[in-house]
>>> print(open('start.cif').read())   # mmCIF, C-alpha atoms
data_structure
loop_
_atom_site.label_atom_id
_atom_site.label_comp_id
_atom_site.auth_asym_id
_atom_site.auth_seq_id
_atom_site.Cartn_x
_atom_site.Cartn_y
_atom_site.Cartn_z
CA MET A 21 -14.54 -45.08 54.17
CA ILE A 22 -14.01 -41.48 53.20
CA THR A 23 -16.88 -39.70 51.52
CA VAL A 24 -16.27 -36.59 49.49
CA GLU A 25 -19.16 -34.37 48.56
CA LEU A 26 -18.61 -31.82 45.83
CA LYS A 27 -20.88 -28.83 46.08
CA GLY A 28 -21.53 -26.76 42.99
CA ALA A 29 -20.29 -29.47 40.64
CA GLU A 30 -23.22 -28.98 38.29
CA LYS A 31 -22.49 -25.25 38.10
CA MET A 32 -18.82 -25.95 37.39
CA VAL A 33 -19.67 -28.44 34.66
CA GLY A 34 -22.13 -25.96 33.18
CA ASP A 35 -19.52 -23.18 33.27
CA LEU A 36 -16.99 -25.40 31.52
CA ALA A 37 -19.53 -26.21 28.83
CA GLN A 38 -20.31 -22.51 28.39
CA MET A 39 -16.60 -21.75 28.20
CA ARG A 40 -16.00 -24.39 25.53
CA GLU A 41 -19.09 -23.77 23.42
CA LYS A 42 -19.57 -20.01 23.67
CA ALA A 43 -17.18 -17.93 25.75
CA VAL A 44 -13.89 -19.13 24.25
CA PRO A 45 -14.94 -19.01 20.57
CA TYR A 46 -16.43 -15.51 21.00
CA ALA A 47 -13.40 -14.37 22.97
CA ILE A 48 -11.00 -15.58 20.26
CA LYS A 49 -13.13 -14.03 17.52
CA ASN A 50 -13.28 -10.65 19.25
CA ALA A 51 -9.58 -10.67 20.11
CA LEU A 52 -8.66 -11.46 16.51
CA ASN A 53 -10.86 -8.65 15.20
CA THR A 54 -9.49 -6.20 17.76
CA ALA A 55 -5.96 -7.10 16.68
CA ALA A 56 -6.88 -6.80 13.00
CA PHE A 57 -8.40 -3.34 13.36
CA GLU A 58 -5.46 -2.22 15.50
CA THR A 59 -3.12 -3.47 12.77
CA ARG A 60 -5.08 -1.55 10.14
CA SER A 61 -4.91 1.65 12.17
CA ILE A 62 -1.14 1.34 12.72
CA TRP A 63 -0.58 0.35 9.08
CA GLN A 64 -2.42 3.44 7.86
CA ARG A 65 -0.19 5.61 10.05
CA GLU A 66 2.89 3.79 8.74
CA ILE A 67 1.79 4.46 5.15
CA LYS A 68 1.26 8.14 5.91
CA SER A 69 4.71 8.34 7.49
CA ALA A 70 6.67 6.23 4.98
CA PHE A 71 5.22 7.54 1.72
CA VAL A 72 4.39 10.96 0.33
CA ASN A 73 0.68 10.61 -0.40
CA ARG A 74 -1.06 13.11 -2.67
CA ASN A 75 -4.40 11.72 -1.46
CA ALA A 76 -5.75 9.15 0.98
CA PHE A 77 -6.31 6.36 -1.58
CA THR A 78 -3.55 4.08 -0.30
CA GLN A 79 -4.60 4.51 3.33
CA ARG A 80 -8.25 3.89 2.46
CA SER A 81 -7.27 0.77 0.54
CA ILE A 82 -6.46 -1.06 3.79
CA PHE A 83 -9.28 -3.41 4.74
CA VAL A 84 -10.13 -5.93 7.45
CA GLU A 85 -11.82 -9.27 6.81
CA GLN A 86 -13.30 -10.07 10.21
CA ALA A 87 -13.21 -13.41 12.00
CA THR A 88 -16.40 -15.25 12.96
CA THR A 89 -17.01 -18.02 15.49
CA ALA A 90 -17.23 -20.42 12.52
CA LYS A 91 -13.99 -19.11 11.02
CA LEU A 92 -11.50 -17.99 13.64
CA GLU A 93 -9.29 -16.06 11.25
CA ALA A 94 -9.05 -12.31 10.64
CA ARG A 95 -7.22 -10.82 7.68
CA VAL A 96 -5.74 -7.40 7.02
CA GLY A 97 -4.84 -6.44 3.48
CA SER A 98 -4.76 -3.73 0.85
CA GLN A 99 -6.86 -3.38 -2.27
CA ALA A 100 -4.12 -1.28 -3.89
CA PRO A 101 -2.34 -3.58 -6.38
CA TYR A 102 1.08 -1.99 -5.80
CA MET A 103 1.26 -2.53 -2.03
CA ALA A 104 2.52 -6.12 -2.27
CA VAL A 105 5.64 -5.01 -4.18
CA GLN A 106 6.07 -2.02 -1.88
CA GLU A 107 6.06 -4.35 1.13
CA THR A 108 8.59 -6.92 -0.05
CA GLY A 109 10.36 -5.13 -2.89
CA GLY A 110 10.84 -6.64 -6.31
CA THR A 111 11.04 -5.98 -10.02
CA VAL A 112 8.07 -4.66 -11.98
CA THR A 113 8.08 -5.50 -15.69
CA GLY A 114 5.87 -4.05 -18.39
CA ARG A 115 3.43 -6.33 -20.21
CA SER A 116 5.11 -5.83 -23.57
CA GLY A 117 8.63 -5.92 -22.16
CA ARG A 118 8.69 -2.15 -21.73
CA LYS A 119 7.73 -0.45 -18.51
CA PRO A 120 7.39 3.36 -18.64
CA ILE A 121 8.95 4.80 -15.50
CA PRO A 122 7.92 8.26 -14.25
CA GLY A 123 10.57 10.70 -13.07
CA PRO A 124 10.27 13.13 -10.15
CA VAL A 125 9.12 16.06 -12.31
CA ALA A 126 6.05 14.04 -13.36
CA ALA A 127 5.09 14.00 -9.66
CA GLY A 128 5.75 17.71 -9.14
CA GLN A 129 9.14 17.18 -7.47
CA ALA A 130 12.55 18.66 -8.21
CA PRO A 131 14.57 17.21 -11.11
CA GLY A 132 17.10 14.63 -9.95
CA SER A 133 15.35 13.88 -6.68
CA HIS A 134 13.94 10.49 -5.63
CA ARG A 135 10.29 10.31 -6.68
CA THR A 136 8.05 9.62 -3.68
CA ARG A 137 4.72 11.00 -4.90
CA LEU A 138 2.10 9.89 -7.38
CA VAL A 139 2.26 11.19 -10.95
CA ARG A 140 0.21 14.33 -11.47
CA ALA A 141 -2.94 13.95 -13.57
CA ARG A 142 -1.71 16.07 -16.48
CA PHE A 143 1.50 14.05 -16.73
CA ARG A 144 -0.12 10.61 -16.77
CA LEU A 145 0.64 8.73 -19.97
CA GLY A 146 -3.01 8.49 -20.96
CA ALA A 147 -3.30 12.27 -20.98
CA ILE A 148 -0.10 12.95 -22.94
CA GLN A 149 0.22 13.83 -26.62
CA VAL A 150 3.77 14.34 -27.81
CA ALA A 151 5.77 15.48 -30.80
CA HIS A 152 7.94 12.63 -32.07
CA PRO A 153 11.64 13.12 -32.92
CA ALA A 154 12.93 13.22 -36.47
CA LEU A 155 14.23 9.93 -37.86
CA SER A 156 17.42 11.31 -39.45
CA GLY A 157 20.55 12.95 -38.08
CA ASP A 158 22.41 12.41 -34.84
CA ARG A 159 20.79 12.48 -31.41
CA LYS A 160 21.21 16.22 -30.82
CA ARG A 161 19.83 17.09 -34.25
CA ARG A 162 16.82 14.80 -33.87
CA ASN A 163 16.06 16.23 -30.45
CA ALA A 164 16.45 19.83 -31.67
CA ILE A 165 14.00 19.17 -34.51
CA ALA A 166 11.55 17.47 -32.15
CA ILE A 167 11.65 20.41 -29.69
CA SER A 168 11.26 22.96 -32.49
CA THR A 169 8.31 21.02 -33.94
CA ALA A 170 6.64 20.75 -30.55
CA ARG A 171 6.94 24.49 -29.91
CA LYS A 172 5.50 25.29 -33.34
CA GLN A 173 2.56 22.98 -32.58
CA GLY A 174 2.08 24.64 -29.20
CA LYS A 175 2.90 21.45 -27.30
CA SER A 176 4.81 21.37 -24.03
CA LEU A 177 5.71 17.67 -24.09
CA VAL A 178 8.11 15.97 -26.46
CA LEU A 179 9.66 12.53 -27.01
CA LEU A 180 13.47 12.77 -27.07
CA THR A 181 16.42 10.41 -27.35
CA ARG A 182 18.36 10.30 -24.09
CA PRO A 183 22.17 10.62 -23.92
CA ASN A 184 22.67 6.99 -22.89
CA GLY A 185 20.14 5.69 -25.40
CA GLY A 186 16.46 4.98 -25.18
CA LYS A 187 13.54 7.37 -25.35
CA GLY A 188 12.17 9.71 -22.72
CA LEU A 189 9.24 12.08 -22.40
CA PHE A 190 10.27 15.64 -21.53
CA VAL A 191 8.41 18.86 -20.72
CA ILE A 192 9.65 21.97 -22.51
CA GLY A 193 8.99 25.69 -22.23
CA ALA A 194 8.39 28.32 -24.87
CA GLY A 195 11.82 29.95 -24.44
CA LYS A 196 15.10 28.44 -25.61
CA THR A 197 16.65 29.04 -22.19
CA PHE A 198 14.17 26.62 -20.60
CA ALA A 199 15.97 23.28 -20.48
CA PRO A 200 13.80 20.20 -21.15
CA ARG A 201 12.84 18.47 -17.92
CA PHE A 202 12.65 14.70 -17.85
CA LEU A 203 9.19 13.21 -17.15
CA TRP A 204 9.08 9.55 -18.18
CA ASN A 205 11.59 6.91 -19.21
CA VAL A 206 9.71 4.93 -21.84
CA SER A 207 12.57 2.56 -22.74
CA ARG A 208 13.21 0.56 -19.60
CA SER A 209 11.96 -3.02 -19.53
CA SER A 210 11.65 -3.16 -15.76
CA VAL A 211 12.17 -1.22 -12.55
CA HIS A 212 13.35 -2.37 -9.12
CA VAL A 213 11.15 -1.35 -6.21
CA ARG A 214 12.89 -1.28 -2.84
CA ALA A 215 11.11 -2.89 0.11
CA GLU A 216 9.20 -0.64 2.49
CA PRO A 217 7.72 -3.17 4.99
CA THR A 218 4.97 -1.02 6.48
CA LEU A 219 2.75 -4.04 7.20
CA GLU A 220 5.58 -5.97 8.85
CA ARG A 221 6.27 -3.06 11.18
CA SER A 222 2.55 -2.77 11.98
CA LEU A 223 2.28 -6.47 12.88
CA ALA A 224 5.37 -6.19 15.07
CA ALA A 225 3.73 -3.29 16.94
CA VAL A 226 0.53 -5.28 17.56
CA LYS A 227 2.17 -8.57 18.61
CA PRO A 228 3.02 -7.49 22.20
CA LYS A 229 -0.61 -6.48 22.72
CA LEU A 230 -2.15 -9.83 21.75
CA ASP A 231 -2.07 -11.43 25.23
CA HIS A 232 -3.83 -8.43 26.77
CA MET A 233 -6.42 -8.38 23.98
CA MET A 234 -7.20 -12.05 24.52
CA GLU A 235 -7.39 -11.69 28.31
CA ALA A 236 -9.72 -8.70 28.08
CA SER A 237 -11.90 -10.46 25.52
CA LEU A 238 -12.15 -13.64 27.61
CA ASN A 239 -13.06 -11.70 30.77
CA GLU A 240 -15.76 -9.89 28.83
CA GLN A 241 -17.28 -13.16 27.62
CA MET A 242 -17.13 -14.74 31.09
CA GLN A 243 -19.12 -11.81 32.44
CA ARG A 244 -21.51 -12.00 29.51
CA PHE A 245 -22.30 -15.68 30.17
CA ASN A 246 -22.10 -15.34 33.96
CA ILE A 247 -19.26 -17.84 34.24
CA GLY A 248 -17.46 -18.31 37.56
CA LYS A 249 -20.03 -16.48 39.69
#
>>> encode(input="start.cif", output="C-alpha cells")
Amino acid sequence: MITVELKGAEKMVGDLAQMREKAVPYAIKNALNTAAFETRSIWQREIKSAFVNRNAFTQRSIFVEQATTAKLEARVGSQAPYMAVQETGGTVTGRSGRKPIPGPVAAGQAPGSHRTRLVRARFRLGAIQVAHPALSGDRKRRNAIAISTARKQGKSLVLLTRPNGGKGLFVIGAGKTFAPRFLWNVSRSSVHVRAEPTLERSLAAVKPKLDHMMEASLNEQMQRFNIGK
C-alpha cells in the first residue's frame, strides 16, 4: 500500500476559495476600470488631435461608468449628443425636414474652407436677427434690396437667395466693396457627417495592454489576500 500525505492542503484549499470569492472578482473589476480610464485618457487626446476644439467641452464630456464586483462591466462614453454620429458617420436631418448648416465663416474660418470648429456665439442661430429679402424681382434684385435694407437698419446679417437656389444667411459690411460672406445654409434638409472613429482608435490602443493590466491586478489581489505564501 502506498500512502500519500499532502501537507498544506488546507492552505491550498483556502487560497483557492479566496481566489474564487475575492481575489479574482476584485482583480477583474480593477483591470476593467484601469482599462476604461486608460481608454478615456487616450480618447480625449484623440479628440484634441482630430478636431479643432474652441473649448474643452467635448473632451470633458467623456465619462467612465466603473465596474463593481457585482457588475463586472465598465463603460466609456460621451455625454455630447453629436459624438455618436462623429464616430460612425451618418446623415443628420432637421426635425422639420430642414437642417440649418453652418459654414466656415460662422466658426471664424476662411470662406470656402472645411469647417472644423464650433460656431461662434454671435453667429449662432438663436442670436441672429436678419433682414429678409424682397418677394419680387429676380434673385439678384431681391438680394440687392435685402442688403440695402439691412445696411439702412444697421444690421450686418441678411437672408439671401443663393445662386443654386435655397436660402442662406450672410454677413455683410458697411461698404459696397465688402462681398457678403456665407454663414448658414438654411435650406438643406440634411447633412452627411463623415466618420471620425476616435473611440475605435482609442480601444485599439488599449487592447494590447489588457493582459498586462489583468496580470498586474491579479498579483495585487493575491498579495492583498496573502494567497500563495
>>> residues_around(input="start.cif", residues="range 234-243 of chain A", least_positions_apart="3", cutoff="6 Å", atoms="all atoms listed in the file", output="PyMOL selection string")
chain A and resi 43+47+51+231+246-247
>>> closest_residue(input="start.cif", among="A:Pro228, A:Pro217, A:Gly109, A:Pro124", to="Phe202 in chain A", atoms="all atoms listed in the file")
A:Pro124
>>> atom_distance(input="start.cif", atom1="CA of Leu223 in chain A", atom2="CA of Val84 in chain A")
13.6 Å
>>> atom_distance(input="start.cif", atom1="CA of Pro120 in chain A", atom2="CA of Arg142 in chain A")
15.8 Å
>>> resolve_selection(input="start.cif", expression="the PyMOL selection byres ((chain A and resi 81) around 7)", output="list in words")
Phe77, Thr78, Gln79, Arg80, Ile82, Phe83, Ser98, Gln99 and Ala100 of chain A
>>> write_last_selection(input="start.cif", atoms="C-alpha atoms", output="PDB file, in the coordinates of the input")
ATOM      1  CA  PHE A  77      -6.310   6.360  -1.580  1.00  0.00           C
ATOM      2  CA  THR A  78      -3.550   4.080  -0.300  1.00  0.00           C
ATOM      3  CA  GLN A  79      -4.600   4.510   3.330  1.00  0.00           C
ATOM      4  CA  ARG A  80      -8.250   3.890   2.460  1.00  0.00           C
ATOM      5  CA  ILE A  82      -6.460  -1.060   3.790  1.00  0.00           C
ATOM      6  CA  PHE A  83      -9.280  -3.410   4.740  1.00  0.00           C
ATOM      7  CA  SER A  98      -4.760  -3.730   0.850  1.00  0.00           C
ATOM      8  CA  GLN A  99      -6.860  -3.380  -2.270  1.00  0.00           C
ATOM      9  CA  ALA A 100      -4.120  -1.280  -3.890  1.00  0.00           C
TER      10      ALA A 100
END
>>> closest_residue(input="start.cif", among="A:Val105, A:Thr89, A:Glu66, A:Ala76", to="Arg214 in chain A", atoms="all atoms listed in the file")
A:Val105
>>> closest_residue(input="start.cif", among="A:Glu107, A:Asp158, A:Glu85, A:Glu220", to="Lys49 in chain A", atoms="all atoms listed in the file")
A:Glu85
>>> resolve_selection(input="start.cif", expression="the PyMOL selection byres ((chain A and resi 225) around 12)", output="list of chain:residue names")
A:Ala55, A:Ala56, A:Glu58, A:Thr59, A:Arg60, A:Ser61, A:Ile62, A:Trp63, A:Arg65, A:Glu66, A:Thr218, A:Leu219, A:Glu220, A:Arg221, A:Ser222, A:Leu223, A:Ala224, A:Val226, A:Lys227, A:Pro228, A:Lys229, A:Leu230
>>> residues_around(input="start.cif", residues="range 134-140 of chain A", least_positions_apart="3", cutoff="6 Å", atoms="only C-alpha atoms", output="JSON, numbers by chain")
{"A": [72, 124, 126, 127, 143]}
